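The structure file final.txt is reproduced below (compact mmCIF, N, CA and C atoms).
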# COMPACT_ATOMS: atom_id res chain seq x y z
N GLY A 1 86.02 98.14 120.63
CA GLY A 1 86.34 99.53 120.50
C GLY A 1 85.07 100.36 120.32
N SER A 2 85.29 101.64 120.27
CA SER A 2 84.20 102.59 120.05
C SER A 2 84.52 103.44 118.84
N ASP A 3 83.58 104.30 118.44
CA ASP A 3 83.87 105.16 117.30
C ASP A 3 84.96 106.19 117.64
N ASP A 4 85.33 106.34 118.91
CA ASP A 4 86.47 107.19 119.27
C ASP A 4 87.79 106.59 118.79
N ASP A 5 87.82 105.26 118.56
CA ASP A 5 89.02 104.58 118.09
C ASP A 5 89.22 104.73 116.59
N LEU A 6 88.21 105.19 115.87
CA LEU A 6 88.26 105.29 114.42
C LEU A 6 88.87 106.63 114.01
N VAL A 7 89.79 106.61 113.01
CA VAL A 7 90.60 107.79 112.71
C VAL A 7 90.11 108.64 111.54
N PHE A 8 89.17 108.16 110.73
CA PHE A 8 88.65 108.91 109.59
C PHE A 8 87.22 109.37 109.83
N ALA A 9 86.92 110.60 109.48
CA ALA A 9 85.55 111.07 109.40
C ALA A 9 85.16 111.02 107.93
N MET A 10 84.16 110.22 107.58
CA MET A 10 83.78 110.00 106.19
C MET A 10 82.95 111.16 105.65
N LYS A 11 83.31 111.63 104.44
CA LYS A 11 82.50 112.64 103.75
C LYS A 11 81.43 111.97 102.91
N ARG A 12 81.75 110.76 102.39
CA ARG A 12 80.80 109.98 101.59
C ARG A 12 80.77 108.58 102.15
N GLY A 13 79.68 107.90 101.97
CA GLY A 13 79.57 106.54 102.48
C GLY A 13 79.22 106.54 103.96
N SER A 14 79.23 105.35 104.55
CA SER A 14 78.79 105.25 105.93
C SER A 14 79.90 104.90 106.91
N GLY A 15 81.06 104.48 106.41
CA GLY A 15 82.12 104.08 107.32
C GLY A 15 81.75 102.81 108.07
N VAL A 16 82.55 102.47 109.06
CA VAL A 16 82.27 101.27 109.85
C VAL A 16 81.10 101.54 110.80
N ILE A 17 81.12 102.71 111.44
CA ILE A 17 80.07 103.09 112.38
C ILE A 17 80.02 104.62 112.47
N HIS A 18 78.86 105.17 112.46
CA HIS A 18 78.65 106.62 112.64
C HIS A 18 79.53 107.48 111.75
N GLN A 19 79.64 107.10 110.47
CA GLN A 19 80.43 107.86 109.48
C GLN A 19 81.91 107.94 109.85
N ARG A 20 82.42 106.94 110.58
CA ARG A 20 83.82 106.88 110.98
C ARG A 20 84.43 105.59 110.45
N ASP A 21 85.74 105.61 110.19
CA ASP A 21 86.43 104.44 109.64
C ASP A 21 87.91 104.54 109.98
N GLY A 22 88.63 103.45 109.84
CA GLY A 22 90.07 103.42 109.97
C GLY A 22 90.56 103.29 111.41
N ILE A 23 91.35 102.27 111.65
CA ILE A 23 91.94 102.04 112.97
C ILE A 23 93.45 101.98 112.80
N VAL A 24 94.19 102.66 113.67
CA VAL A 24 95.65 102.60 113.66
C VAL A 24 96.09 101.77 114.86
N TYR A 25 96.95 100.78 114.59
CA TYR A 25 97.54 99.96 115.65
C TYR A 25 99.01 99.80 115.34
N LYS A 26 99.87 100.30 116.21
CA LYS A 26 101.32 100.31 116.00
C LYS A 26 101.61 100.98 114.66
N ASN A 27 102.15 100.25 113.68
CA ASN A 27 102.51 100.85 112.39
C ASN A 27 101.56 100.39 111.28
N VAL A 28 100.32 100.04 111.64
CA VAL A 28 99.36 99.51 110.67
C VAL A 28 98.10 100.36 110.65
N LEU A 29 97.64 100.70 109.45
CA LEU A 29 96.36 101.37 109.27
C LEU A 29 95.40 100.35 108.67
N ALA A 30 94.34 100.04 109.38
CA ALA A 30 93.32 99.11 108.90
C ALA A 30 92.07 99.92 108.58
N THR A 31 91.49 99.66 107.42
CA THR A 31 90.32 100.42 107.01
C THR A 31 89.41 99.58 106.12
N TYR A 32 88.15 99.87 106.16
CA TYR A 32 87.20 99.19 105.30
C TYR A 32 86.93 100.02 104.05
N THR A 33 87.52 101.20 103.98
CA THR A 33 87.35 102.09 102.83
C THR A 33 87.92 101.42 101.59
N HIS A 34 87.21 101.52 100.48
CA HIS A 34 87.65 100.90 99.23
C HIS A 34 88.07 101.96 98.22
N LEU A 35 89.10 101.64 97.46
CA LEU A 35 89.57 102.49 96.37
C LEU A 35 89.76 101.59 95.17
N HIS A 36 89.13 101.92 94.06
CA HIS A 36 89.31 101.13 92.85
C HIS A 36 90.57 101.63 92.15
N ALA A 37 91.55 100.75 91.97
CA ALA A 37 92.86 101.13 91.43
C ALA A 37 92.74 101.76 90.04
N LEU A 38 91.79 101.35 89.23
CA LEU A 38 91.65 101.94 87.89
C LEU A 38 91.11 103.37 87.97
N GLY A 39 90.47 103.70 89.07
CA GLY A 39 89.97 105.06 89.25
C GLY A 39 91.05 106.03 89.70
N ALA A 40 92.18 105.49 90.14
CA ALA A 40 93.31 106.31 90.61
C ALA A 40 94.61 105.57 90.29
N PRO A 41 94.99 105.52 88.98
CA PRO A 41 96.16 104.73 88.58
C PRO A 41 97.44 105.12 89.31
N ILE A 42 97.59 106.38 89.66
CA ILE A 42 98.81 106.80 90.36
C ILE A 42 98.92 106.10 91.72
N TRP A 43 97.77 105.78 92.32
CA TRP A 43 97.78 105.07 93.60
C TRP A 43 98.41 103.70 93.45
N ALA A 44 98.01 102.96 92.42
CA ALA A 44 98.56 101.62 92.20
C ALA A 44 100.05 101.68 91.92
N GLU A 45 100.48 102.64 91.09
CA GLU A 45 101.91 102.80 90.79
C GLU A 45 102.69 103.10 92.06
N ALA A 46 102.18 103.99 92.88
CA ALA A 46 102.86 104.36 94.12
C ALA A 46 102.91 103.18 95.10
N LEU A 47 101.86 102.38 95.14
CA LEU A 47 101.84 101.21 96.01
C LEU A 47 102.97 100.25 95.64
N VAL A 48 103.10 99.95 94.34
CA VAL A 48 104.15 99.04 93.88
C VAL A 48 105.53 99.64 94.12
N ARG A 49 105.70 100.91 93.77
CA ARG A 49 106.99 101.59 93.96
C ARG A 49 107.41 101.56 95.43
N ASN A 50 106.49 101.84 96.32
CA ASN A 50 106.81 101.84 97.75
C ASN A 50 107.08 100.43 98.28
N ALA A 51 106.38 99.44 97.76
CA ALA A 51 106.63 98.06 98.17
C ALA A 51 108.03 97.62 97.76
N VAL A 52 108.43 97.97 96.54
CA VAL A 52 109.78 97.63 96.05
C VAL A 52 110.83 98.35 96.90
N ALA A 53 110.62 99.62 97.17
CA ALA A 53 111.57 100.39 97.99
C ALA A 53 111.67 99.80 99.39
N ARG A 54 110.54 99.42 99.95
CA ARG A 54 110.53 98.84 101.30
C ARG A 54 111.28 97.52 101.33
N LYS A 55 111.07 96.69 100.29
CA LYS A 55 111.73 95.40 100.23
C LYS A 55 113.24 95.56 100.16
N SER A 56 113.70 96.59 99.45
CA SER A 56 115.15 96.79 99.28
C SER A 56 115.80 97.36 100.54
N THR A 57 115.01 97.79 101.52
CA THR A 57 115.56 98.31 102.78
C THR A 57 115.16 97.40 103.93
N LYS A 58 115.28 96.08 103.70
CA LYS A 58 114.89 95.11 104.73
C LYS A 58 115.53 95.45 106.07
N ARG A 59 114.78 95.27 107.13
CA ARG A 59 115.32 95.54 108.48
C ARG A 59 115.94 94.30 109.05
Would you write out, as structure tokens, the structure that this file holds?
Amino acid sequence: GSDDDLVFAMKRGSGVIHQRDGIVYKNVLATYTHLHALGAPIWAEALVRNAVARKSTKR
């Protein structure tokens, strides 16, 4: 791929290439961006809540 395939323009850090990061394929977002869960506790809570909700609506 090229940096045209990357979906994020980074404000901080270097990204994967040329300050760009994140690839979308079908229903998946893949990214090298890191988030420390203790720095954003609401993120961790939302991740678990959404995983539980998703599991209860099995396809």
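Atom C of Ile17 in chain A lies 25.9 Å from CA of Trp43 in chain A.
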> For the atom pair atom C of Glu45 in chain A and CA of Val24 in chain A, what is the interatomic distance in Å to one decimal place?
Replying inline: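 A separation of 22.7 Å between them.
The interatomic distance for the pair CA of Ile23 in chain A and CA of Met10 in chain A works out to 13.3 Å.
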Exercise: residues within 6.5 Å of coordinate (85.0, 111.3, 111.2), counting only N, CA and C atoms, as an mmCIF file with N, CA and C atoms, in the coordinates of the input:
data_model
loop_
_atom_site.group_PDB
_atom_site.id
_atom_site.type_symbol
_atom_site.label_atom_id
_atom_site.label_comp_id
_atom_site.auth_asym_id
_atom_site.auth_seq_id
_atom_site.Cartn_x
_atom_site.Cartn_y
_atom_site.Cartn_z
ATOM 1 N N VAL A 7 89.790 106.610 113.010
ATOM 2 C CA VAL A 7 90.600 107.790 112.710
ATOM 3 C C VAL A 7 90.110 108.640 111.540
ATOM 4 N N PHE A 8 89.170 108.160 110.730
ATOM 5 C CA PHE A 8 88.650 108.910 109.590
ATOM 6 C C PHE A 8 87.220 109.370 109.830
ATOM 7 N N ALA A 9 86.920 110.600 109.480
ATOM 8 C CA ALA A 9 85.550 111.070 109.400
ATOM 9 C C ALA A 9 85.160 111.020 107.930
ATOM 10 N N MET A 10 84.160 110.220 107.580
ATOM 11 C CA MET A 10 83.780 110.000 106.190
ATOM 12 C C MET A 10 82.950 111.160 105.650
ATOM 13 N N GLN A 19 79.640 107.100 110.470
ATOM 14 C CA GLN A 19 80.430 107.860 109.480
ATOM 15 C C GLN A 19 81.910 107.940 109.850
ATOM 16 N N ARG A 20 82.420 106.940 110.580
ATOM 17 C CA ARG A 20 83.820 106.880 110.980
ATOM 18 C C ARG A 20 84.430 105.590 110.450
ATOM 19 N N ASP A 21 85.740 105.610 110.190
ATOM 20 C CA ASP A 21 86.430 104.440 109.640
ATOM 21 C C ASP A 21 87.910 104.540 109.980
#
> Which parts of range 16-55 of chain A does DSSP call alpha helix (DSSP H) when run on the backbone here, written out as a VMD selection string?
Replying inline: chain A and resid 41 to 55
Keeping only N, CA and C atoms, take the residues you just selected and write them out as a PDB file, keeping the file's coordinate frame.
ATOM      1  N   PRO A  41      94.990 105.520  88.980  1.00  0.00           N
ATOM      2  CA  PRO A  41      96.160 104.730  88.580  1.00  0.00           C
ATOM      3  C   PRO A  41      97.440 105.120  89.310  1.00  0.00           C
ATOM      4  N   ILE A  42      97.590 106.380  89.660  1.00  0.00           N
ATOM      5  CA  ILE A  42      98.810 106.800  90.360  1.00  0.00           C
ATOM      6  C   ILE A  42      98.920 106.100  91.720  1.00  0.00           C
ATOM      7  N   TRP A  43      97.770 105.780  92.320  1.00  0.00           N
ATOM      8  CA  TRP A  43      97.780 105.070  93.600  1.00  0.00           C
ATOM      9  C   TRP A  43      98.410 103.700  93.450  1.00  0.00           C
ATOM     10  N   ALA A  44      98.010 102.960  92.420  1.00  0.00           N
ATOM     11  CA  ALA A  44      98.560 101.620  92.200  1.00  0.00           C
ATOM     12  C   ALA A  44     100.050 101.680  91.920  1.00  0.00           C
ATOM     13  N   GLU A  45     100.480 102.640  91.090  1.00  0.00           N
ATOM     14  CA  GLU A  45     101.910 102.800  90.790  1.00  0.00           C
ATOM     15  C   GLU A  45     102.690 103.100  92.060  1.00  0.00           C
ATOM     16  N   ALA A  46     102.180 103.990  92.880  1.00  0.00           N
ATOM     17  CA  ALA A  46     102.860 104.360  94.120  1.00  0.00           C
ATOM     18  C   ALA A  46     102.910 103.180  95.100  1.00  0.00           C
ATOM     19  N   LEU A  47     101.860 102.380  95.140  1.00  0.00           N
ATOM     20  CA  LEU A  47     101.840 101.210  96.010  1.00  0.00           C
ATOM     21  C   LEU A  47     102.970 100.250  95.640  1.00  0.00           C
ATOM     22  N   VAL A  48     103.100  99.950  94.340  1.00  0.00           N
ATOM     23  CA  VAL A  48     104.150  99.040  93.880  1.00  0.00           C
ATOM     24  C   VAL A  48     105.530  99.640  94.120  1.00  0.00           C
ATOM     25  N   ARG A  49     105.700 100.910  93.770  1.00  0.00           N
ATOM     26  CA  ARG A  49     106.990 101.590  93.960  1.00  0.00           C
ATOM     27  C   ARG A  49     107.410 101.560  95.430  1.00  0.00           C
ATOM     28  N   ASN A  50     106.490 101.840  96.320  1.00  0.00           N
ATOM     29  CA  ASN A  50     106.810 101.840  97.750  1.00  0.00           C
ATOM     30  C   ASN A  50     107.080 100.430  98.280  1.00  0.00           C
ATOM     31  N   ALA A  51     106.380  99.440  97.760  1.00  0.00           N
ATOM     32  CA  ALA A  51     106.630  98.060  98.170  1.00  0.00           C
ATOM     33  C   ALA A  51     108.030  97.620  97.760  1.00  0.00           C
ATOM     34  N   VAL A  52     108.430  97.970  96.540  1.00  0.00           N
ATOM     35  CA  VAL A  52     109.780  97.630  96.050  1.00  0.00           C
ATOM     36  C   VAL A  52     110.830  98.350  96.900  1.00  0.00           C
ATOM     37  N   ALA A  53     110.620  99.620  97.170  1.00  0.00           N
ATOM     38  CA  ALA A  53     111.570 100.390  97.990  1.00  0.00           C
ATOM     39  C   ALA A  53     111.670  99.800  99.390  1.00  0.00           C
ATOM     40  N   ARG A  54     110.540  99.420  99.950  1.00  0.00           N
ATOM     41  CA  ARG A  54     110.530  98.840 101.300  1.00  0.00           C
ATOM     42  C   ARG A  54     111.280  97.520 101.330  1.00  0.00           C
ATOM     43  N   LYS A  55     111.070  96.690 100.290  1.00  0.00           N
ATOM     44  CA  LYS A  55     111.730  95.400 100.230  1.00  0.00           C
ATOM     45  C   LYS A  55     113.240  95.560 100.160  1.00  0.00           C
TER      46      LYS A  55
END
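Per DSSP on the backbone, strand (DSSP E or B) in chain A comprises Phe8, Ala9, Ile17, Arg20, Asp21, Ile23, Val24, Tyr25, Val28, Leu29 and Ala30 of chain A.
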Test item: axis-aligned box, all listed atoms of range 32-45 of chain A, 4 Å on each side, centre and edges in Å rounded to one decimal, as JSON:
{"center_x": 94.8, "center_y": 103.0, "center_z": 97.0, "size_x": 23.8, "size_y": 15.6, "size_z": 26.3}
> Which one is closest to Tyr32 in chain A: A:Val16, A:Leu47, A:Leu6, A:Val52? Count only C-alpha atoms.
Replying inline: A:Val16
